[in-house]
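File shown: query_37.pdb. Contents: PDB, C-alpha atoms.
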```
ATOM      1  CA  MET A   1      86.035  98.557 104.146
ATOM      2  CA  LYS A   2      87.280 102.142 104.043
ATOM      3  CA  THR A   3      86.438 104.076 100.864
ATOM      4  CA  ILE A   4      88.776 106.798  99.580
ATOM      5  CA  SER A   5      87.554 108.940  96.695
ATOM      6  CA  VAL A   6      90.340 110.573  94.669
ATOM      7  CA  CYS A   7      88.698 113.687  93.248
ATOM      8  CA  SER A   8      89.485 116.715  91.136
ATOM      9  CA  LEU A   9      87.162 118.783  88.949
ATOM     10  CA  SER A  10      89.895 119.310  86.326
ATOM     11  CA  GLY A  11      91.823 116.866  84.180
ATOM     12  CA  GLY A  12      95.586 116.427  84.401
ATOM     13  CA  GLN A  13      95.728 116.737  88.198
ATOM     14  CA  GLY A  14      97.086 113.247  88.894
ATOM     15  CA  LYS A  15      93.915 111.437  89.976
ATOM     16  CA  THR A  16      94.612 108.146  88.218
ATOM     17  CA  THR A  17      98.307 108.144  89.144
ATOM     18  CA  THR A  18      97.411 108.760  92.783
ATOM     19  CA  ALA A  19      94.595 106.199  92.883
ATOM     20  CA  LEU A  20      96.586 103.407  91.258
ATOM     21  CA  LEU A  21      99.843 103.882  93.156
ATOM     22  CA  LEU A  22      98.043 104.317  96.476
ATOM     23  CA  ALA A  23      96.145 101.072  95.828
ATOM     24  CA  LYS A  24      99.362  99.224  94.993
ATOM     25  CA  HIS A  25     101.151 100.522  98.083
ATOM     26  CA  LEU A  26      98.242  99.420 100.266
ATOM     27  CA  THR A  27      98.494  95.907  98.822
ATOM     28  CA  MET A  28     102.240  95.909  99.500
ATOM     29  CA  ALA A  29     101.342  96.635 103.128
ATOM     30  CA  GLY A  30      99.189  93.487 103.122
ATOM     31  CA  PHE A  31      95.729  94.957 102.525
ATOM     32  CA  THR A  32      93.168  93.783  99.980
ATOM     33  CA  VAL A  33      92.071  96.643  97.735
ATOM     34  CA  CYS A  34      89.275  97.130  95.230
ATOM     35  CA  MET A  35      89.790 100.043  92.850
ATOM     36  CA  LEU A  36      86.773 101.604  91.185
ATOM     37  CA  ASP A  37      87.068 103.433  87.872
ATOM     38  CA  ALA A  38      84.404 106.147  87.813
ATOM     39  CA  ASP A  39      86.104 108.210  85.106
ATOM     40  CA  PRO A  40      84.417 107.940  81.679
ATOM     41  CA  GLN A  41      87.919 108.051  80.131
ATOM     42  CA  HIS A  42      88.517 104.734  82.009
ATOM     43  CA  SER A  43      92.291 105.256  82.287
ATOM     44  CA  LEU A  44      92.450 103.258  85.526
ATOM     45  CA  THR A  45      90.879 100.305  83.724
ATOM     46  CA  LEU A  46      93.369 100.586  80.858
ATOM     47  CA  PHE A  47      96.396 100.883  83.170
ATOM     48  CA  SER A  48      95.165  97.794  85.040
ATOM     49  CA  ARG A  49      95.136  95.946  81.689
ATOM     50  CA  ILE A  50      91.501  94.970  82.060
ATOM     51  CA  GLU A  51      89.513  94.378  78.889
ATOM     52  CA  ILE A  52      85.823  93.631  79.210
ATOM     53  CA  GLU A  53      83.283  92.705  76.576
ATOM     54  CA  ARG A  54      80.111  94.749  76.195
ATOM     55  CA  ASP A  55      78.047  91.994  77.815
ATOM     56  CA  GLN A  56      80.291  91.781  80.893
ATOM     57  CA  PRO A  57      79.327  93.739  84.035
ATOM     58  CA  SER A  58      81.154  96.978  84.812
ATOM     59  CA  LEU A  59      80.563 100.058  86.966
ATOM     60  CA  LEU A  60      77.319 100.891  85.140
ATOM     61  CA  GLU A  61      75.825  97.549  86.171
ATOM     62  CA  LEU A  62      76.974  98.135  89.747
ATOM     63  CA  LEU A  63      75.248 101.527  89.816
ATOM     64  CA  ARG A  64      72.065  99.995  88.424
ATOM     65  CA  GLY A  65      72.183  97.168  90.956
ATOM     66  CA  SER A  66      72.109  94.541  88.209
ATOM     67  CA  GLY A  67      73.130  91.335  89.971
ATOM     68  CA  GLU A  68      75.641  90.954  92.782
ATOM     69  CA  ALA A  69      78.255  93.642  93.409
ATOM     70  CA  LEU A  70      81.028  91.027  93.319
ATOM     71  CA  ASP A  71      80.073  90.174  89.734
ATOM     72  CA  CYS A  72      81.457  93.590  88.721
ATOM     73  CA  VAL A  73      84.867  92.993  90.362
ATOM     74  CA  TYR A  74      87.848  91.718  88.335
ATOM     75  CA  PRO A  75      91.289  90.637  89.580
ATOM     76  CA  VAL A  76      94.311  92.663  88.449
ATOM     77  CA  GLU A  77      96.888  90.290  86.988
ATOM     78  CA  GLY A  78     100.133  90.013  88.913
ATOM     79  CA  ASN A  79      98.756  91.212  92.247
ATOM     80  CA  GLU A  80      96.595  88.784  94.198
ATOM     81  CA  LYS A  81      95.395  91.511  96.582
ATOM     82  CA  LEU A  82      94.376  94.053  93.930
ATOM     83  CA  PHE A  83      90.993  94.137  92.154
ATOM     84  CA  ILE A  84      89.031  96.618  90.063
ATOM     85  CA  ILE A  85      85.493  97.545  89.121
ATOM     86  CA  PRO A  86      86.181  98.729  85.576
ATOM     87  CA  SER A  87      84.407 101.236  83.389
ATOM     88  CA  ASP A  88      83.931 101.424  79.643
ATOM     89  CA  ASP A  89      82.065 103.567  77.126
ATOM     90  CA  THR A  90      78.714 102.554  78.640
ATOM     91  CA  LEU A  91      79.503 104.779  81.617
ATOM     92  CA  ASP A  92      78.452 107.759  79.490
ATOM     93  CA  VAL A  93      74.820 106.929  80.310
ATOM     94  CA  ALA A  94      75.426 106.754  84.085
ATOM     95  CA  HIS A  95      74.770 110.490  84.496
ATOM     96  CA  GLU A  96      71.234 110.117  83.142
ATOM     97  CA  TYR A  97      70.581 107.029  85.239
ATOM     98  CA  LEU A  98      71.669 108.765  88.440
ATOM     99  CA  ILE A  99      69.400 111.746  87.664
ATOM    100  CA  GLN A 100      66.471 109.396  87.098
ATOM    101  CA  THR A 101      66.926 107.664  90.455
ATOM    102  CA  GLY A 102      66.308 110.915  92.324
ATOM    103  CA  MET A 103      68.914 109.880  94.916
ATOM    104  CA  GLY A 104      72.088 109.907  92.854
ATOM    105  CA  ALA A 105      74.385 111.059  95.670
ATOM    106  CA  THR A 106      73.635 107.942  97.740
ATOM    107  CA  VAL A 107      73.496 105.250  95.037
ATOM    108  CA  LEU A 108      77.161 104.239  94.914
ATOM    109  CA  LYS A 109      77.519 104.143  98.696
ATOM    110  CA  LYS A 110      74.557 101.756  98.860
ATOM    111  CA  ARG A 111      75.829  99.543  96.040
ATOM    112  CA  LEU A 112      79.234  99.158  97.723
ATOM    113  CA  ASP A 113      77.595  97.510 100.739
ATOM    114  CA  GLY A 114      77.927  94.158  98.972
ATOM    115  CA  LEU A 115      81.739  94.489  98.971
ATOM    116  CA  ARG A 116      82.427  95.625 102.528
ATOM    117  CA  GLU A 117      83.185  92.178 103.916
ATOM    118  CA  HIS A 118      85.574  91.321 101.077
ATOM    119  CA  PHE A 119      88.004  94.260 100.921
ATOM    120  CA  ASP A 120      89.976  96.423 103.329
ATOM    121  CA  PHE A 121      89.937  99.485 101.067
ATOM    122  CA  CYS A 122      88.083 100.803  98.039
ATOM    123  CA  ILE A 123      89.934 103.477  96.029
ATOM    124  CA  ILE A 124      87.725 105.451  93.622
ATOM    125  CA  ASP A 125      89.095 107.359  90.626
ATOM    126  CA  SER A 126      86.470 110.046  90.023
ATOM    127  CA  PRO A 127      85.462 111.895  86.838
ATOM    128  CA  PRO A 128      87.183 115.267  86.226
ATOM    129  CA  GLN A 129      84.034 117.370  86.028
ATOM    130  CA  ARG A 130      81.009 118.349  88.076
ATOM    131  CA  SER A 131      78.298 115.781  87.337
ATOM    132  CA  GLN A 132      75.913 113.347  88.999
ATOM    133  CA  LEU A 133      78.669 110.774  88.752
ATOM    134  CA  VAL A 134      81.104 112.863  90.788
ATOM    135  CA  LEU A 135      78.376 113.615  93.343
ATOM    136  CA  THR A 136      77.764 109.908  93.901
ATOM    137  CA  VAL A 137      81.528 109.399  94.256
ATOM    138  CA  PHE A 138      81.570 112.112  96.946
ATOM    139  CA  GLY A 139      78.592 110.453  98.607
ATOM    140  CA  ALA A 140      80.307 107.052  98.701
ATOM    141  CA  ALA A 141      83.520 108.313 100.310
ATOM    142  CA  ASP A 142      84.691 107.905 103.865
ATOM    143  CA  LEU A 143      87.739 110.005 102.988
ATOM    144  CA  LEU A 144      88.331 112.539 100.216
ATOM    145  CA  LEU A 145      91.800 112.842  98.645
ATOM    146  CA  ILE A 146      92.375 115.755  96.244
ATOM    147  CA  PRO A 147      95.401 115.720  93.912
ATOM    148  CA  ALA A 148      96.342 119.150  92.587
ATOM    149  CA  GLU A 149      98.993 119.995  90.025
ATOM    150  CA  SER A 150     101.641 122.284  91.506
ATOM    151  CA  THR A 151     100.593 125.198  89.314
ATOM    152  CA  ILE A 152      98.198 128.117  89.614
ATOM    153  CA  LYS A 153      95.714 126.141  87.518
ATOM    154  CA  GLY A 154      96.085 123.196  89.891
ATOM    155  CA  PHE A 155      95.459 125.431  92.901
ATOM    156  CA  ALA A 156      92.290 126.773  91.266
ATOM    157  CA  SER A 157      91.147 123.213  90.544
ATOM    158  CA  ALA A 158      91.690 122.200  94.170
ATOM    159  CA  VAL A 159      89.683 125.195  95.402
ATOM    160  CA  ARG A 160      86.765 124.343  93.093
ATOM    161  CA  THR A 161      86.841 120.727  94.254
ATOM    162  CA  LEU A 162      86.941 121.790  97.907
ATOM    163  CA  ASP A 163      84.030 124.185  97.343
ATOM    164  CA  LEU A 164      81.921 121.345  95.944
ATOM    165  CA  TYR A 165      82.909 119.107  98.847
ATOM    166  CA  TYR A 166      81.948 121.733 101.449
ATOM    167  CA  GLN A 167      78.654 122.319  99.625
ATOM    168  CA  GLN A 168      77.819 118.594  99.606
ATOM    169  CA  GLU A 169      78.866 118.296 103.244
ATOM    170  CA  GLU A 170      76.589 121.184 104.236
ATOM    171  CA  LEU A 171      73.671 119.556 102.381
ATOM    172  CA  GLY A 172      74.304 116.247 104.145
ATOM    173  CA  ALA A 173      75.006 114.552 100.794
ATOM    174  CA  THR A 174      78.383 113.241 101.981
ATOM    175  CA  ASN A 175      79.849 112.180 105.299
ATOM    176  CA  ALA A 176      83.375 112.112 103.890
ATOM    177  CA  LYS A 177      86.244 113.609 105.856
ATOM    178  CA  LEU A 178      88.936 115.535 104.009
ATOM    179  CA  PHE A 179      91.954 113.242 103.978
ATOM    180  CA  GLY A 180      94.094 115.893 102.344
ATOM    181  CA  VAL A 181      95.369 117.644  99.241
ATOM    182  CA  ILE A 182      98.396 116.081  97.533
ATOM    183  CA  PRO A 183     100.453 118.336  95.229
ATOM    184  CA  PHE A 184     101.202 116.715  91.868
ATOM    185  CA  ARG A 185     104.101 117.352  89.466
ATOM    186  CA  ASP A 186     106.063 119.322  92.039
ATOM    187  CA  ARG A 187     108.910 120.591  89.863
ATOM    188  CA  TRP A 188     112.509 120.863  91.092
ATOM    189  CA  PHE A 189     115.748 121.740  89.334
ATOM    190  CA  GLY A 190     118.386 119.958  91.357
ATOM    191  CA  TYR A 191     117.958 121.239  94.922
ATOM    192  CA  ASN A 192     115.831 124.216  93.844
ATOM    193  CA  GLN A 193     112.036 124.087  93.664
ATOM    194  CA  SER A 194     110.482 125.968  90.766
ATOM    195  CA  LYS A 195     108.874 129.280  91.640
ATOM    196  CA  GLU A 196     105.480 128.177  90.325
ATOM    197  CA  SER A 197     105.491 124.964  92.378
ATOM    198  CA  GLN A 198     106.584 126.909  95.444
ATOM    199  CA  LEU A 199     103.787 129.476  95.044
ATOM    200  CA  ALA A 200     101.104 126.879  94.282
ATOM    201  CA  ILE A 201     102.001 124.637  97.221
ATOM    202  CA  SER A 202     102.214 127.620  99.562
ATOM    203  CA  ALA A 203      98.711 128.659  98.449
ATOM    204  CA  LEU A 204      97.420 125.113  99.003
ATOM    205  CA  ARG A 205      98.927 125.095 102.494
ATOM    206  CA  GLU A 206      97.181 128.350 103.305
ATOM    207  CA  GLU A 207      93.893 126.980 101.921
ATOM    208  CA  VAL A 208      93.752 123.653 103.802
ATOM    209  CA  GLY A 209      96.308 123.965 106.599
ATOM    210  CA  GLU A 210      99.524 122.089 107.284
ATOM    211  CA  GLU A 211      97.791 118.928 108.519
ATOM    212  CA  CYS A 212      95.827 118.430 105.288
ATOM    213  CA  LEU A 213      98.699 119.228 102.910
ATOM    214  CA  LEU A 214     100.284 115.899 101.996
ATOM    215  CA  PRO A 215     103.830 115.249 100.686
ATOM    216  CA  SER A 216     104.255 116.164  97.030
ATOM    217  CA  ILE A 217     104.314 113.797  94.085
ATOM    218  CA  LEU A 218     107.423 115.041  92.284
ATOM    219  CA  GLU A 219     107.504 115.661  88.552
ATOM    220  CA  SER A 220     109.117 112.500  87.127
ATOM    221  CA  GLU A 221     108.739 110.237  84.128
ATOM    222  CA  ARG A 222     109.393 107.338  86.507
ATOM    223  CA  TYR A 223     105.759 107.461  87.639
ATOM    224  CA  LYS A 224     104.548 106.919  84.085
ATOM    225  CA  ARG A 225     106.908 103.986  83.649
ATOM    226  CA  ALA A 226     105.847 102.509  86.977
ATOM    227  CA  ILE A 227     102.206 102.623  85.876
ATOM    228  CA  ALA A 228     102.691 101.547  82.282
ATOM    229  CA  HIS A 229     105.430  98.931  82.755
ATOM    230  CA  GLY A 230     105.465  98.112  86.465
ATOM    231  CA  GLU A 231     108.939  99.563  87.017
ATOM    232  CA  GLU A 232     110.137  99.937  90.608
ATOM    233  CA  LEU A 233     110.084 103.489  91.983
ATOM    234  CA  PRO A 234     113.103 104.901  93.833
ATOM    235  CA  GLN A 235     112.570 105.644  97.510
ATOM    236  CA  LYS A 236     112.063 109.408  97.159
ATOM    237  CA  LEU A 237     109.218 108.816  94.674
ATOM    238  CA  LYS A 238     107.602 106.152  96.870
ATOM    239  CA  TYR A 239     107.654 108.451  99.879
ATOM    240  CA  PRO A 240     104.311 110.294  99.432
ATOM    241  CA  PHE A 241     102.459 106.996  99.029
ATOM    242  CA  GLU A 242     104.173 105.490 102.061
ATOM    243  CA  VAL A 243     102.965 108.495 104.068
ATOM    244  CA  LEU A 244      99.419 107.982 102.767
ATOM    245  CA  VAL A 245      99.492 104.312 103.793
ATOM    246  CA  GLU A 246     100.798 105.247 107.260
ATOM    247  CA  ARG A 247      97.987 107.743 107.760
ATOM    248  CA  LEU A 248      95.368 105.272 106.560
ATOM    249  CA  THR A 249      96.647 102.426 108.739
ATOM    250  CA  PRO A 250      97.775 103.899 112.081
TER     251      PRO A 250
END
```
Kindly present the structure from the file in structure tokens form.
Amino acid sequence: MKTISVCSLSGGQGKTTTALLLAKHLTMAGFTVCMLDADPQHSLTLFSRIEIERDQPSLLELLRGSGEALDCVYPVEGNEKLFIIPSDDTLDVAHEYLIQTGMGATVLKKRLDGLREHFDFCIIDSPPQRSQLVLTVFGAADLLLIPAESTIKGFASAVRTLDLYYQQEELGATNAKLFGVIPFRDRWFGYNQSKESQLAISALREEVGEECLLPSILESERYKRAIAHGEELPQKLKYPFEVLVERLTP
């Protein structure tokens, strides 16, 4: 099982959109995927239409090692190859638990061992802030994917996320490789790219290099409708996710 952590230290950068649509495109290519919702806002869980009762296992129970890892996995209706480890409001206490363990950066990686024989990929939607939870998400990753809004704010968010990644890598707290940075909400007016998107993406290219700059997710309401209502995306909006799948499955 290959684990891809979708990370950004700011909200509104496209983490959940990227995680969910990447997972769906991997299943369309024939792979079995387990998503993991590590964001206390649990948007990935909501978009997957998963509702769990307070006594049902979720990500918190997985982190604690309460029972078998597979007990925390739920099927996503309408897609026999897609599953999720959901989160709920109980995830607010995960930060304290990870501090108490004294080895928070390695906990999630260890807990995922029980799933490795069952799934081809695990896609993690990380929390949008620096915390013990995001450190354990970094520690669990084989590959790190960073969405960044195509704005100056998005560029700054990507740089902060990269700085944390390099710091954790230097400390030996993660073995993840940088899969790439994917610009989000790349704005165009007809055939003309907005000046802000152009500047932000150019700065991202300079920061990570051409090889690690992935095709942009264009600004479009169609993505929201695809997530909320399962609408089919046109080819030009599918393209960045098709490239991601190609790079993950050479």
Non-local contacts of segment 133-149 of chain A (7 Å; all atoms listed in the file; under 4 positions in same chain excluded) as a ChimeraX atom specification: /A:2-8,13-15,94-95,104-109,126-127,154-155,157-158,173-185
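The space between atom CA of His25 of chain A and atom CA of Leu244 of chain A spans 9.0 Å.
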Expected selection from the PyMOL selection byres ((chain A and resi 227) around 8), given as a PyMOL selection string: chain A and resi 17+20-21+47+223-226+228-231
Include C-alpha atoms and write out the residues we just selected as a PDB file, in the coordinates of the input.
```
ATOM      1  CA  THR A  17      98.307 108.144  89.144  1.00  0.00           C
ATOM      2  CA  LEU A  20      96.586 103.407  91.258  1.00  0.00           C
ATOM      3  CA  LEU A  21      99.843 103.882  93.156  1.00  0.00           C
ATOM      4  CA  PHE A  47      96.396 100.883  83.170  1.00  0.00           C
ATOM      5  CA  TYR A 223     105.759 107.461  87.639  1.00  0.00           C
ATOM      6  CA  LYS A 224     104.548 106.919  84.085  1.00  0.00           C
ATOM      7  CA  ARG A 225     106.908 103.986  83.649  1.00  0.00           C
ATOM      8  CA  ALA A 226     105.847 102.509  86.977  1.00  0.00           C
ATOM      9  CA  ALA A 228     102.691 101.547  82.282  1.00  0.00           C
ATOM     10  CA  HIS A 229     105.430  98.931  82.755  1.00  0.00           C
ATOM     11  CA  GLY A 230     105.465  98.112  86.465  1.00  0.00           C
ATOM     12  CA  GLU A 231     108.939  99.563  87.017  1.00  0.00           C
TER      13      GLU A 231
END
```
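The smallest atom-to-atom distance between Arg116 of chain A and any of A:Met1, A:Asp71, A:Arg130, A:Gln167, using only C-alpha atoms, is found for A:Met1.
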Pick from A:Ser131, A:Ser150, A:Ser48, A:Ser220 nearest to Lys236 of chain A, counting all atoms listed in the file: A:Ser220
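Using only C-alpha atoms for every distance, the candidate list A:Leu46, A:Cys34, A:Cys212, A:Leu204 yields A:Cys34 as the residue closest to Val73 of chain A.
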Atom CA of Lys238 of chain A to atom CA of Ile201 of chain A, straight-line distance in Å: 19.3 Å
Work out where the centre of an axis-aligned box around every listed atom of segment 159-173 of chain A lies and how long its edges are once 3 Å is added on each side; give both in Å to one decimal as JSON.
```
{"center_x": 81.7, "center_y": 119.9, "center_z": 98.7, "size_x": 22.0, "size_y": 16.6, "size_z": 17.1}
```
Interatomic distance, atom CA of Gln198 of chain A to atom CA of Leu218 of chain A (Å, one decimal): 12.3 Å
Protein and nucleic acid residues near (91.0, 101.4, 101.5) (cut-off 9 Å, all atoms listed in the file) as a ChimeraX atom specification: /A:1-4,23,26,31-35,119-123,248
For C-alpha atoms, I'd like the residues from the last selection saved as a PDB file, in the coordinates of the input.
```
ATOM      1  CA  MET A   1      86.035  98.557 104.146  1.00  0.00           C
ATOM      2  CA  LYS A   2      87.280 102.142 104.043  1.00  0.00           C
ATOM      3  CA  THR A   3      86.438 104.076 100.864  1.00  0.00           C
ATOM      4  CA  ILE A   4      88.776 106.798  99.580  1.00  0.00           C
ATOM      5  CA  ALA A  23      96.145 101.072  95.828  1.00  0.00           C
ATOM      6  CA  LEU A  26      98.242  99.420 100.266  1.00  0.00           C
ATOM      7  CA  PHE A  31      95.729  94.957 102.525  1.00  0.00           C
ATOM      8  CA  THR A  32      93.168  93.783  99.980  1.00  0.00           C
ATOM      9  CA  VAL A  33      92.071  96.643  97.735  1.00  0.00           C
ATOM     10  CA  CYS A  34      89.275  97.130  95.230  1.00  0.00           C
ATOM     11  CA  MET A  35      89.790 100.043  92.850  1.00  0.00           C
ATOM     12  CA  PHE A 119      88.004  94.260 100.921  1.00  0.00           C
ATOM     13  CA  ASP A 120      89.976  96.423 103.329  1.00  0.00           C
ATOM     14  CA  PHE A 121      89.937  99.485 101.067  1.00  0.00           C
ATOM     15  CA  CYS A 122      88.083 100.803  98.039  1.00  0.00           C
ATOM     16  CA  ILE A 123      89.934 103.477  96.029  1.00  0.00           C
ATOM     17  CA  LEU A 248      95.368 105.272 106.560  1.00  0.00           C
TER      18      LEU A 248
END
```
I need segment 142-236 of chain A written out with C-alpha atoms, as a PDB file, in the first residue's frame; please produce it.
```pdb
ATOM      1  CA  ASP A 142       5.374   7.637   1.436  1.00  0.00           C
ATOM      2  CA  LEU A 143       4.623  10.646  -0.767  1.00  0.00           C
ATOM      3  CA  LEU A 144       3.702  14.231   0.105  1.00  0.00           C
ATOM      4  CA  LEU A 145       1.300  16.163  -2.152  1.00  0.00           C
ATOM      5  CA  ILE A 146       0.863  19.890  -1.441  1.00  0.00           C
ATOM      6  CA  PRO A 147      -2.104  21.770  -2.944  1.00  0.00           C
ATOM      7  CA  ALA A 148      -1.616  25.532  -3.072  1.00  0.00           C
ATOM      8  CA  GLU A 149      -4.127  28.158  -4.123  1.00  0.00           C
ATOM      9  CA  SER A 150      -2.871  30.121  -7.126  1.00  0.00           C
ATOM     10  CA  THR A 151      -2.496  33.308  -5.102  1.00  0.00           C
ATOM     11  CA  ILE A 152       0.268  34.973  -3.118  1.00  0.00           C
ATOM     12  CA  LYS A 153      -1.338  33.604   0.046  1.00  0.00           C
ATOM     13  CA  GLY A 154      -1.323  30.123  -1.477  1.00  0.00           C
ATOM     14  CA  PHE A 155       2.358  30.436  -2.369  1.00  0.00           C
ATOM     15  CA  ALA A 156       3.157  31.460   1.213  1.00  0.00           C
ATOM     16  CA  SER A 157       1.168  28.485   2.514  1.00  0.00           C
ATOM     17  CA  ALA A 158       3.081  26.095   0.256  1.00  0.00           C
ATOM     18  CA  VAL A 159       6.418  27.497   1.447  1.00  0.00           C
ATOM     19  CA  ARG A 160       5.434  27.056   5.109  1.00  0.00           C
ATOM     20  CA  THR A 161       4.312  23.491   4.427  1.00  0.00           C
ATOM     21  CA  LEU A 162       7.544  22.716   2.571  1.00  0.00           C
ATOM     22  CA  ASP A 163       9.596  24.201   5.418  1.00  0.00           C
ATOM     23  CA  LEU A 164       7.886  21.883   7.903  1.00  0.00           C
ATOM     24  CA  TYR A 165       8.425  18.918   5.594  1.00  0.00           C
ATOM     25  CA  TYR A 166      12.151  19.659   5.197  1.00  0.00           C
ATOM     26  CA  GLN A 167      12.452  20.100   8.970  1.00  0.00           C
ATOM     27  CA  GLN A 168      10.770  16.744   9.658  1.00  0.00           C
ATOM     28  CA  GLU A 169      12.873  15.088   6.964  1.00  0.00           C
ATOM     29  CA  GLU A 170      16.084  16.437   8.506  1.00  0.00           C
ATOM     30  CA  LEU A 171      15.018  15.131  11.935  1.00  0.00           C
ATOM     31  CA  GLY A 172      14.281  11.697  10.477  1.00  0.00           C
ATOM     32  CA  ALA A 173      10.608  12.019  11.478  1.00  0.00           C
ATOM     33  CA  THR A 174       9.411  11.286   7.933  1.00  0.00           C
ATOM     34  CA  ASN A 175      10.697   9.250   5.020  1.00  0.00           C
ATOM     35  CA  ALA A 176       8.192  10.810   2.630  1.00  0.00           C
ATOM     36  CA  LYS A 177       9.290  11.941  -0.813  1.00  0.00           C
ATOM     37  CA  LEU A 178       7.873  15.157  -2.235  1.00  0.00           C
ATOM     38  CA  PHE A 179       5.392  14.064  -4.884  1.00  0.00           C
ATOM     39  CA  GLY A 180       4.747  17.641  -5.918  1.00  0.00           C
ATOM     40  CA  VAL A 181       2.882  20.906  -5.492  1.00  0.00           C
ATOM     41  CA  ILE A 182      -0.448  21.209  -7.321  1.00  0.00           C
ATOM     42  CA  PRO A 183      -1.767  24.741  -7.960  1.00  0.00           C
ATOM     43  CA  PHE A 184      -5.427  25.143  -6.995  1.00  0.00           C
ATOM     44  CA  ARG A 185      -8.031  27.587  -8.344  1.00  0.00           C
ATOM     45  CA  ASP A 186      -5.863  28.586 -11.285  1.00  0.00           C
ATOM     46  CA  ARG A 187      -7.940  31.444 -12.689  1.00  0.00           C
ATOM     47  CA  TRP A 188      -8.343  32.084 -16.426  1.00  0.00           C
ATOM     48  CA  PHE A 189     -10.480  34.525 -18.383  1.00  0.00           C
ATOM     49  CA  GLY A 190     -11.015  32.804 -21.697  1.00  0.00           C
ATOM     50  CA  TYR A 191      -7.517  32.110 -23.046  1.00  0.00           C
ATOM     51  CA  ASN A 192      -5.848  34.537 -20.623  1.00  0.00           C
ATOM     52  CA  GLN A 193      -4.514  33.475 -17.226  1.00  0.00           C
ATOM     53  CA  SER A 194      -5.012  35.982 -14.430  1.00  0.00           C
ATOM     54  CA  LYS A 195      -1.931  37.927 -13.407  1.00  0.00           C
ATOM     55  CA  GLU A 196      -2.122  36.682  -9.819  1.00  0.00           C
ATOM     56  CA  SER A 197      -2.341  33.025 -10.875  1.00  0.00           C
ATOM     57  CA  GLN A 198       0.529  33.537 -13.299  1.00  0.00           C
ATOM     58  CA  LEU A 199       2.749  35.120 -10.628  1.00  0.00           C
ATOM     59  CA  ALA A 200       1.873  32.555  -7.950  1.00  0.00           C
ATOM     60  CA  ILE A 201       2.473  29.545 -10.198  1.00  0.00           C
ATOM     61  CA  SER A 202       5.724  31.028 -11.486  1.00  0.00           C
ATOM     62  CA  ALA A 203       6.880  31.464  -7.872  1.00  0.00           C
ATOM     63  CA  LEU A 204       5.901  27.867  -7.064  1.00  0.00           C
ATOM     64  CA  ARG A 205       7.859  26.641 -10.083  1.00  0.00           C
ATOM     65  CA  GLU A 206      10.919  28.529  -8.912  1.00  0.00           C
ATOM     66  CA  GLU A 207      10.490  27.121  -5.385  1.00  0.00           C
ATOM     67  CA  VAL A 208      10.144  23.406  -6.226  1.00  0.00           C
ATOM     68  CA  GLY A 209      11.344  23.066  -9.817  1.00  0.00           C
ATOM     69  CA  GLU A 210       9.537  22.047 -12.984  1.00  0.00           C
ATOM     70  CA  GLU A 211       9.448  18.337 -12.117  1.00  0.00           C
ATOM     71  CA  CYS A 212       7.588  18.882  -8.833  1.00  0.00           C
ATOM     72  CA  LEU A 213       5.099  21.444 -10.167  1.00  0.00           C
ATOM     73  CA  LEU A 214       1.988  19.497 -11.149  1.00  0.00           C
ATOM     74  CA  PRO A 215      -0.766  20.527 -13.614  1.00  0.00           C
ATOM     75  CA  SER A 216      -3.146  23.113 -12.187  1.00  0.00           C
ATOM     76  CA  ILE A 217      -6.621  22.504 -10.832  1.00  0.00           C
ATOM     77  CA  LEU A 218      -8.540  25.238 -12.649  1.00  0.00           C
ATOM     78  CA  GLU A 219     -10.995  27.516 -10.890  1.00  0.00           C
ATOM     79  CA  SER A 220     -14.404  25.957 -11.644  1.00  0.00           C
ATOM     80  CA  GLU A 221     -17.686  25.341  -9.881  1.00  0.00           C
ATOM     81  CA  ARG A 222     -17.756  21.972 -11.653  1.00  0.00           C
ATOM     82  CA  TYR A 223     -15.383  20.557  -9.032  1.00  0.00           C
ATOM     83  CA  LYS A 224     -17.809  21.422  -6.249  1.00  0.00           C
ATOM     84  CA  ARG A 225     -20.667  19.798  -8.135  1.00  0.00           C
ATOM     85  CA  ALA A 226     -18.575  16.718  -8.854  1.00  0.00           C
ATOM     86  CA  ILE A 227     -17.852  16.331  -5.138  1.00  0.00           C
ATOM     87  CA  ALA A 228     -21.284  17.227  -3.820  1.00  0.00           C
ATOM     88  CA  HIS A 229     -23.453  15.552  -6.478  1.00  0.00           C
ATOM     89  CA  GLY A 230     -21.167  13.148  -8.330  1.00  0.00           C
ATOM     90  CA  GLU A 231     -21.385  15.062 -11.611  1.00  0.00           C
ATOM     91  CA  GLU A 232     -19.016  14.036 -14.404  1.00  0.00           C
ATOM     92  CA  LEU A 233     -16.064  16.374 -14.982  1.00  0.00           C
ATOM     93  CA  PRO A 234     -15.159  17.528 -18.500  1.00  0.00           C
ATOM     94  CA  GLN A 235     -11.827  16.300 -19.820  1.00  0.00           C
ATOM     95  CA  LYS A 236      -9.852  19.495 -19.155  1.00  0.00           C
TER      96      LYS A 236
END
```
